[in-house]
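**Student:** The structure file target_1.pdb (PDB, C-alpha atoms, pLDDT in the B column) is provided below.
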ATOM      1  CA  MET A   1       0.000   0.000   0.000  1.00 81.00           C
ATOM      2  CA  ARG A   2       1.215   3.499  -0.811  1.00 87.00           C
ATOM      3  CA  THR A   3       1.923   5.996   1.890  1.00 88.00           C
ATOM      4  CA  PRO A   4      -0.336   9.059   1.885  1.00 89.00           C
ATOM      5  CA  ARG A   5       1.084  12.351   0.671  1.00 91.00           C
ATOM      6  CA  ASP A   6       1.717  15.068   3.193  1.00 92.00           C
ATOM      7  CA  PHE A   7      -0.179  17.902   1.508  1.00 95.00           C
ATOM      8  CA  ASP A   8       0.254  20.237   4.469  1.00 95.00           C
ATOM      9  CA  GLY A   9       4.004  19.731   4.445  1.00 95.00           C
ATOM     10  CA  GLU A  10       4.210  20.228   0.680  1.00 96.00           C
ATOM     11  CA  LEU A  11       2.093  23.385   0.904  1.00 97.00           C
ATOM     12  CA  LYS A  12       4.291  24.804   3.660  1.00 97.00           C
ATOM     13  CA  ALA A  13       7.425  24.029   1.636  1.00 97.00           C
ATOM     14  CA  LEU A  14       5.970  25.819  -1.404  1.00 98.00           C
ATOM     15  CA  GLN A  15       4.972  28.815   0.709  1.00 98.00           C
ATOM     16  CA  ASP A  16       8.474  28.998   2.176  1.00 98.00           C
ATOM     17  CA  LYS A  17      10.005  28.795  -1.292  1.00 98.00           C
ATOM     18  CA  THR A  18       7.657  31.524  -2.564  1.00 98.00           C
ATOM     19  CA  ARG A  19       8.571  33.798   0.354  1.00 98.00           C
ATOM     20  CA  ASP A  20      12.281  33.235  -0.240  1.00 98.00           C
ATOM     21  CA  LEU A  21      11.951  33.976  -3.974  1.00 97.00           C
ATOM     22  CA  LYS A  22      10.017  37.192  -3.296  1.00 97.00           C
ATOM     23  CA  ASN A  23      12.623  38.311  -0.767  1.00 97.00           C
ATOM     24  CA  ARG A  24      15.415  37.585  -3.237  1.00 97.00           C
ATOM     25  CA  GLU A  25      13.558  39.548  -5.938  1.00 96.00           C
ATOM     26  CA  VAL A  26      13.184  42.565  -3.649  1.00 94.00           C
ATOM     27  CA  LEU A  27      16.864  42.432  -2.708  1.00 95.00           C
ATOM     28  CA  GLY A  28      17.853  42.153  -6.377  1.00 94.00           C
ATOM     29  CA  LEU A  29      15.726  45.152  -7.312  1.00 90.00           C
ATOM     30  CA  GLY A  30      17.244  47.143  -4.460  1.00 90.00           C
ATOM     31  CA  GLU A  31      20.745  46.278  -5.638  1.00 93.00           C
ATOM     32  CA  LEU A  32      19.790  47.300  -9.185  1.00 90.00           C
ATOM     33  CA  VAL A  33      18.458  50.651  -7.991  1.00 87.00           C
ATOM     34  CA  ILE A  34      21.641  51.342  -6.048  1.00 90.00           C
ATOM     35  CA  ALA A  35      23.923  50.141  -8.874  1.00 92.00           C
ATOM     36  CA  THR A  36      22.236  52.396 -11.441  1.00 88.00           C
ATOM     37  CA  GLY A  37      22.216  55.395  -9.131  1.00 88.00           C
ATOM     38  CA  ALA A  38      18.433  55.607  -9.209  1.00 84.00           C
ATOM     39  CA  ASP A  39      18.375  55.953  -5.432  1.00 85.00           C
ATOM     40  CA  SER A  40      19.563  59.546  -5.834  1.00 90.00           C
ATOM     41  CA  LEU A  41      16.601  60.518  -8.058  1.00 88.00           C
ATOM     42  CA  SER A  42      13.333  61.966  -6.815  1.00 91.00           C
ATOM     43  CA  ILE A  43      10.039  60.105  -7.098  1.00 90.00           C
ATOM     44  CA  ASP A  44       8.890  62.481  -9.853  1.00 94.00           C
ATOM     45  CA  GLU A  45      12.035  61.849 -11.905  1.00 91.00           C
ATOM     46  CA  LEU A  46      11.640  58.093 -11.566  1.00 86.00           C
ATOM     47  CA  ALA A  47       7.956  58.278 -12.513  1.00 90.00           C
ATOM     48  CA  GLY A  48       8.794  60.380 -15.567  1.00 92.00           C
ATOM     49  CA  ALA A  49      11.458  57.917 -16.645  1.00 88.00           C
ATOM     50  CA  LEU A  50       8.987  55.042 -16.349  1.00 85.00           C
ATOM     51  CA  VAL A  51       6.431  56.927 -18.446  1.00 90.00           C
ATOM     52  CA  VAL A  52       9.008  57.599 -21.161  1.00 90.00           C
ATOM     53  CA  LEU A  53      10.124  53.967 -21.149  1.00 87.00           C
ATOM     54  CA  GLY A  54       6.515  52.837 -21.360  1.00 87.00           C
ATOM     55  CA  GLU A  55       5.875  55.031 -24.386  1.00 88.00           C
ATOM     56  CA  THR A  56       9.050  53.982 -26.169  1.00 87.00           C
ATOM     57  CA  LYS A  57       8.589  51.126 -28.594  1.00 72.00           C
ATOM     58  CA  GLU A  58      11.597  49.217 -29.786  1.00 67.00           C
ATOM     59  CA  ALA A  59      11.420  47.445 -33.124  1.00 45.00           C
TER
END
Take the structure I supplied and represent it as structure tokens, if you would.
**Tutor:**
Amino acid sequence: MRTPRDFDGELKALQDKTRDLKNREVLGLGELVIATGADSLSIDELAGALVVLGETKEA
């Protein structure tokens, strides 16, 4: 007979992995902001840059 799967344990493992991936993503974005010097820009300058990038279409 097969042993039953531990769904609670698997769910907890997936939740832990998701949390770790989100934390790593946030840290990576923070490092990118610091590396590009974007941390010295104001919120308005960053918002304007995002608008320009959103309007720009590359072929």
**Student:** Distance CA of Leu46 in chain A-CA of Leu32 in chain A, one decimal place?
**Tutor:**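 Value for the CA of Leu46 in chain A-CA of Leu32 in chain A distance: 13.7 Å.
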**Student:** Measure the distance from CA of Val26 in chain A to CA of Thr56 in chain A in Å and round it to one decimal.
**Tutor:**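 Separating CA of Val26 in chain A from CA of Thr56 in chain A is a distance of 25.6 Å.
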**Student:** Find the axis-aligned box for range 28-37 of chain A, covering all its listed atoms and adding 5 Å on each side, and write its centre and edge lengths in Å to one decimal as JSON.
**Tutor:**
{"center_x": 19.8, "center_y": 48.8, "center_z": -8.0, "size_x": 18.2, "size_y": 23.2, "size_z": 17.0}
**Student:** To one decimal place in Å, what is the distance between CA of Lys17 in chain A and CA of Thr36 in chain A?
**Tutor:** 28.5 Å
**Student:** Could you extract range 5-48 of chain A of the given structure into a file holding N, CA and C atoms, as a PDB file, in the first residue's frame?
**Tutor:**
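The resulting file, selection_5.pdb, is reproduced below:
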ATOM      1  N   ARG A   5       0.269  11.147   0.855  1.00  0.00           N
ATOM      2  CA  ARG A   5       1.084  12.351   0.671  1.00  0.00           C
ATOM      3  C   ARG A   5       0.816  13.335   1.793  1.00  0.00           C
ATOM      4  N   ASP A   6       1.830  14.045   2.149  1.00  0.00           N
ATOM      5  CA  ASP A   6       1.717  15.068   3.193  1.00  0.00           C
ATOM      6  C   ASP A   6       1.452  16.413   2.514  1.00  0.00           C
ATOM      7  N   PHE A   7       0.172  16.677   2.222  1.00  0.00           N
ATOM      8  CA  PHE A   7      -0.179  17.902   1.508  1.00  0.00           C
ATOM      9  C   PHE A   7       0.143  19.150   2.326  1.00  0.00           C
ATOM     10  N   ASP A   8      -0.055  19.079   3.623  1.00  0.00           N
ATOM     11  CA  ASP A   8       0.254  20.237   4.469  1.00  0.00           C
ATOM     12  C   ASP A   8       1.747  20.555   4.441  1.00  0.00           C
ATOM     13  N   GLY A   9       2.558  19.530   4.496  1.00  0.00           N
ATOM     14  CA  GLY A   9       4.004  19.731   4.445  1.00  0.00           C
ATOM     15  C   GLY A   9       4.457  20.274   3.102  1.00  0.00           C
ATOM     16  N   GLU A  10       3.862  19.742   2.020  1.00  0.00           N
ATOM     17  CA  GLU A  10       4.210  20.228   0.680  1.00  0.00           C
ATOM     18  C   GLU A  10       3.777  21.674   0.504  1.00  0.00           C
ATOM     19  N   LEU A  11       2.584  22.015   1.006  1.00  0.00           N
ATOM     20  CA  LEU A  11       2.093  23.385   0.904  1.00  0.00           C
ATOM     21  C   LEU A  11       2.991  24.345   1.679  1.00  0.00           C
ATOM     22  N   LYS A  12       3.403  23.956   2.863  1.00  0.00           N
ATOM     23  CA  LYS A  12       4.291  24.804   3.660  1.00  0.00           C
ATOM     24  C   LYS A  12       5.631  24.991   2.959  1.00  0.00           C
ATOM     25  N   ALA A  13       6.151  23.928   2.355  1.00  0.00           N
ATOM     26  CA  ALA A  13       7.425  24.029   1.636  1.00  0.00           C
ATOM     27  C   ALA A  13       7.297  24.986   0.455  1.00  0.00           C
ATOM     28  N   LEU A  14       6.177  24.911  -0.271  1.00  0.00           N
ATOM     29  CA  LEU A  14       5.970  25.819  -1.404  1.00  0.00           C
ATOM     30  C   LEU A  14       5.811  27.264  -0.935  1.00  0.00           C
ATOM     31  N   GLN A  15       5.126  27.461   0.172  1.00  0.00           N
ATOM     32  CA  GLN A  15       4.972  28.815   0.709  1.00  0.00           C
ATOM     33  C   GLN A  15       6.316  29.383   1.152  1.00  0.00           C
ATOM     34  N   ASP A  16       7.136  28.558   1.766  1.00  0.00           N
ATOM     35  CA  ASP A  16       8.474  28.998   2.176  1.00  0.00           C
ATOM     36  C   ASP A  16       9.319  29.364   0.962  1.00  0.00           C
ATOM     37  N   LYS A  17       9.239  28.534  -0.074  1.00  0.00           N
ATOM     38  CA  LYS A  17      10.005  28.795  -1.292  1.00  0.00           C
ATOM     39  C   LYS A  17       9.532  30.085  -1.954  1.00  0.00           C
ATOM     40  N   THR A  18       8.209  30.303  -1.985  1.00  0.00           N
ATOM     41  CA  THR A  18       7.657  31.524  -2.564  1.00  0.00           C
ATOM     42  C   THR A  18       8.138  32.750  -1.804  1.00  0.00           C
ATOM     43  N   ARG A  19       8.115  32.685  -0.471  1.00  0.00           N
ATOM     44  CA  ARG A  19       8.571  33.798   0.354  1.00  0.00           C
ATOM     45  C   ARG A  19      10.042  34.097   0.094  1.00  0.00           C
ATOM     46  N   ASP A  20      10.852  33.047   0.012  1.00  0.00           N
ATOM     47  CA  ASP A  20      12.281  33.235  -0.240  1.00  0.00           C
ATOM     48  C   ASP A  20      12.532  33.862  -1.609  1.00  0.00           C
ATOM     49  N   LEU A  21      11.783  33.415  -2.634  1.00  0.00           N
ATOM     50  CA  LEU A  21      11.951  33.976  -3.974  1.00  0.00           C
ATOM     51  C   LEU A  21      11.538  35.443  -4.012  1.00  0.00           C
ATOM     52  N   LYS A  22      10.453  35.794  -3.331  1.00  0.00           N
ATOM     53  CA  LYS A  22      10.017  37.192  -3.296  1.00  0.00           C
ATOM     54  C   LYS A  22      11.046  38.063  -2.585  1.00  0.00           C
ATOM     55  N   ASN A  23      11.591  37.554  -1.484  1.00  0.00           N
ATOM     56  CA  ASN A  23      12.623  38.311  -0.767  1.00  0.00           C
ATOM     57  C   ASN A  23      13.855  38.515  -1.630  1.00  0.00           C
ATOM     58  N   ARG A  24      14.242  37.477  -2.368  1.00  0.00           N
ATOM     59  CA  ARG A  24      15.415  37.585  -3.237  1.00  0.00           C
ATOM     60  C   ARG A  24      15.151  38.582  -4.364  1.00  0.00           C
ATOM     61  N   GLU A  25      13.908  38.606  -4.880  1.00  0.00           N
ATOM     62  CA  GLU A  25      13.558  39.548  -5.938  1.00  0.00           C
ATOM     63  C   GLU A  25      13.645  40.985  -5.428  1.00  0.00           C
ATOM     64  N   VAL A  26      13.135  41.223  -4.233  1.00  0.00           N
ATOM     65  CA  VAL A  26      13.184  42.565  -3.649  1.00  0.00           C
ATOM     66  C   VAL A  26      14.630  42.998  -3.429  1.00  0.00           C
ATOM     67  N   LEU A  27      15.451  42.102  -2.916  1.00  0.00           N
ATOM     68  CA  LEU A  27      16.864  42.432  -2.708  1.00  0.00           C
ATOM     69  C   LEU A  27      17.558  42.723  -4.033  1.00  0.00           C
ATOM     70  N   GLY A  28      17.252  41.940  -5.063  1.00  0.00           N
ATOM     71  CA  GLY A  28      17.853  42.153  -6.377  1.00  0.00           C
ATOM     72  C   GLY A  28      17.451  43.493  -6.964  1.00  0.00           C
ATOM     73  N   LEU A  29      16.175  43.858  -6.807  1.00  0.00           N
ATOM     74  CA  LEU A  29      15.726  45.152  -7.312  1.00  0.00           C
ATOM     75  C   LEU A  29      16.389  46.295  -6.549  1.00  0.00           C
ATOM     76  N   GLY A  30      16.558  46.122  -5.254  1.00  0.00           N
ATOM     77  CA  GLY A  30      17.244  47.143  -4.460  1.00  0.00           C
ATOM     78  C   GLY A  30      18.686  47.317  -4.898  1.00  0.00           C
ATOM     79  N   GLU A  31      19.363  46.209  -5.161  1.00  0.00           N
ATOM     80  CA  GLU A  31      20.745  46.278  -5.638  1.00  0.00           C
ATOM     81  C   GLU A  31      20.815  46.949  -7.003  1.00  0.00           C
ATOM     82  N   LEU A  32      19.829  46.677  -7.863  1.00  0.00           N
ATOM     83  CA  LEU A  32      19.790  47.300  -9.185  1.00  0.00           C
ATOM     84  C   LEU A  32      19.597  48.807  -9.068  1.00  0.00           C
ATOM     85  N   VAL A  33      18.705  49.223  -8.191  1.00  0.00           N
ATOM     86  CA  VAL A  33      18.458  50.651  -7.991  1.00  0.00           C
ATOM     87  C   VAL A  33      19.728  51.344  -7.515  1.00  0.00           C
ATOM     88  N   ILE A  34      20.413  50.744  -6.572  1.00  0.00           N
ATOM     89  CA  ILE A  34      21.641  51.342  -6.048  1.00  0.00           C
ATOM     90  C   ILE A  34      22.736  51.339  -7.111  1.00  0.00           C
ATOM     91  N   ALA A  35      22.865  50.247  -7.863  1.00  0.00           N
ATOM     92  CA  ALA A  35      23.923  50.141  -8.874  1.00  0.00           C
ATOM     93  C   ALA A  35      23.733  51.148 -10.001  1.00  0.00           C
ATOM     94  N   THR A  36      22.492  51.456 -10.352  1.00  0.00           N
ATOM     95  CA  THR A  36      22.236  52.396 -11.441  1.00  0.00           C
ATOM     96  C   THR A  36      22.203  53.839 -10.968  1.00  0.00           C
ATOM     97  N   GLY A  37      22.255  54.039  -9.663  1.00  0.00           N
ATOM     98  CA  GLY A  37      22.216  55.395  -9.131  1.00  0.00           C
ATOM     99  C   GLY A  37      20.818  55.959  -9.043  1.00  0.00           C
ATOM    100  N   ALA A  38      19.814  55.134  -9.241  1.00  0.00           N
ATOM    101  CA  ALA A  38      18.433  55.607  -9.209  1.00  0.00           C
ATOM    102  C   ALA A  38      17.998  56.004  -7.809  1.00  0.00           C
ATOM    103  N   ASP A  39      18.742  55.589  -6.799  1.00  0.00           N
ATOM    104  CA  ASP A  39      18.375  55.953  -5.432  1.00  0.00           C
ATOM    105  C   ASP A  39      18.589  57.436  -5.154  1.00  0.00           C
ATOM    106  N   SER A  40      19.327  58.118  -6.024  1.00  0.00           N
ATOM    107  CA  SER A  40      19.563  59.546  -5.834  1.00  0.00           C
ATOM    108  C   SER A  40      18.532  60.405  -6.559  1.00  0.00           C
ATOM    109  N   LEU A  41      17.623  59.781  -7.316  1.00  0.00           N
ATOM    110  CA  LEU A  41      16.601  60.518  -8.058  1.00  0.00           C
ATOM    111  C   LEU A  41      15.355  60.698  -7.207  1.00  0.00           C
ATOM    112  N   SER A  42      14.587  61.748  -7.534  1.00  0.00           N
ATOM    113  CA  SER A  42      13.333  61.966  -6.815  1.00  0.00           C
ATOM    114  C   SER A  42      12.258  61.039  -7.379  1.00  0.00           C
ATOM    115  N   ILE A  43      11.158  60.945  -6.664  1.00  0.00           N
ATOM    116  CA  ILE A  43      10.039  60.105  -7.098  1.00  0.00           C
ATOM    117  C   ILE A  43       9.496  60.603  -8.435  1.00  0.00           C
ATOM    118  N   ASP A  44       9.408  61.917  -8.606  1.00  0.00           N
ATOM    119  CA  ASP A  44       8.890  62.481  -9.853  1.00  0.00           C
ATOM    120  C   ASP A  44       9.791  62.143 -11.036  1.00  0.00           C
ATOM    121  N   GLU A  45      11.102  62.193 -10.830  1.00  0.00           N
ATOM    122  CA  GLU A  45      12.035  61.849 -11.905  1.00  0.00           C
ATOM    123  C   GLU A  45      11.920  60.378 -12.281  1.00  0.00           C
ATOM    124  N   LEU A  46      11.793  59.524 -11.285  1.00  0.00           N
ATOM    125  CA  LEU A  46      11.640  58.093 -11.566  1.00  0.00           C
ATOM    126  C   LEU A  46      10.331  57.814 -12.287  1.00  0.00           C
ATOM    127  N   ALA A  47       9.252  58.474 -11.859  1.00  0.00           N
ATOM    128  CA  ALA A  47       7.956  58.278 -12.513  1.00  0.00           C
ATOM    129  C   ALA A  47       8.014  58.751 -13.961  1.00  0.00           C
ATOM    130  N   GLY A  48       8.656  59.880 -14.200  1.00  0.00           N
ATOM    131  CA  GLY A  48       8.794  60.380 -15.567  1.00  0.00           C
ATOM    132  C   GLY A  48       9.596  59.439 -16.439  1.00  0.00           C
TER     133      GLY A  48
END
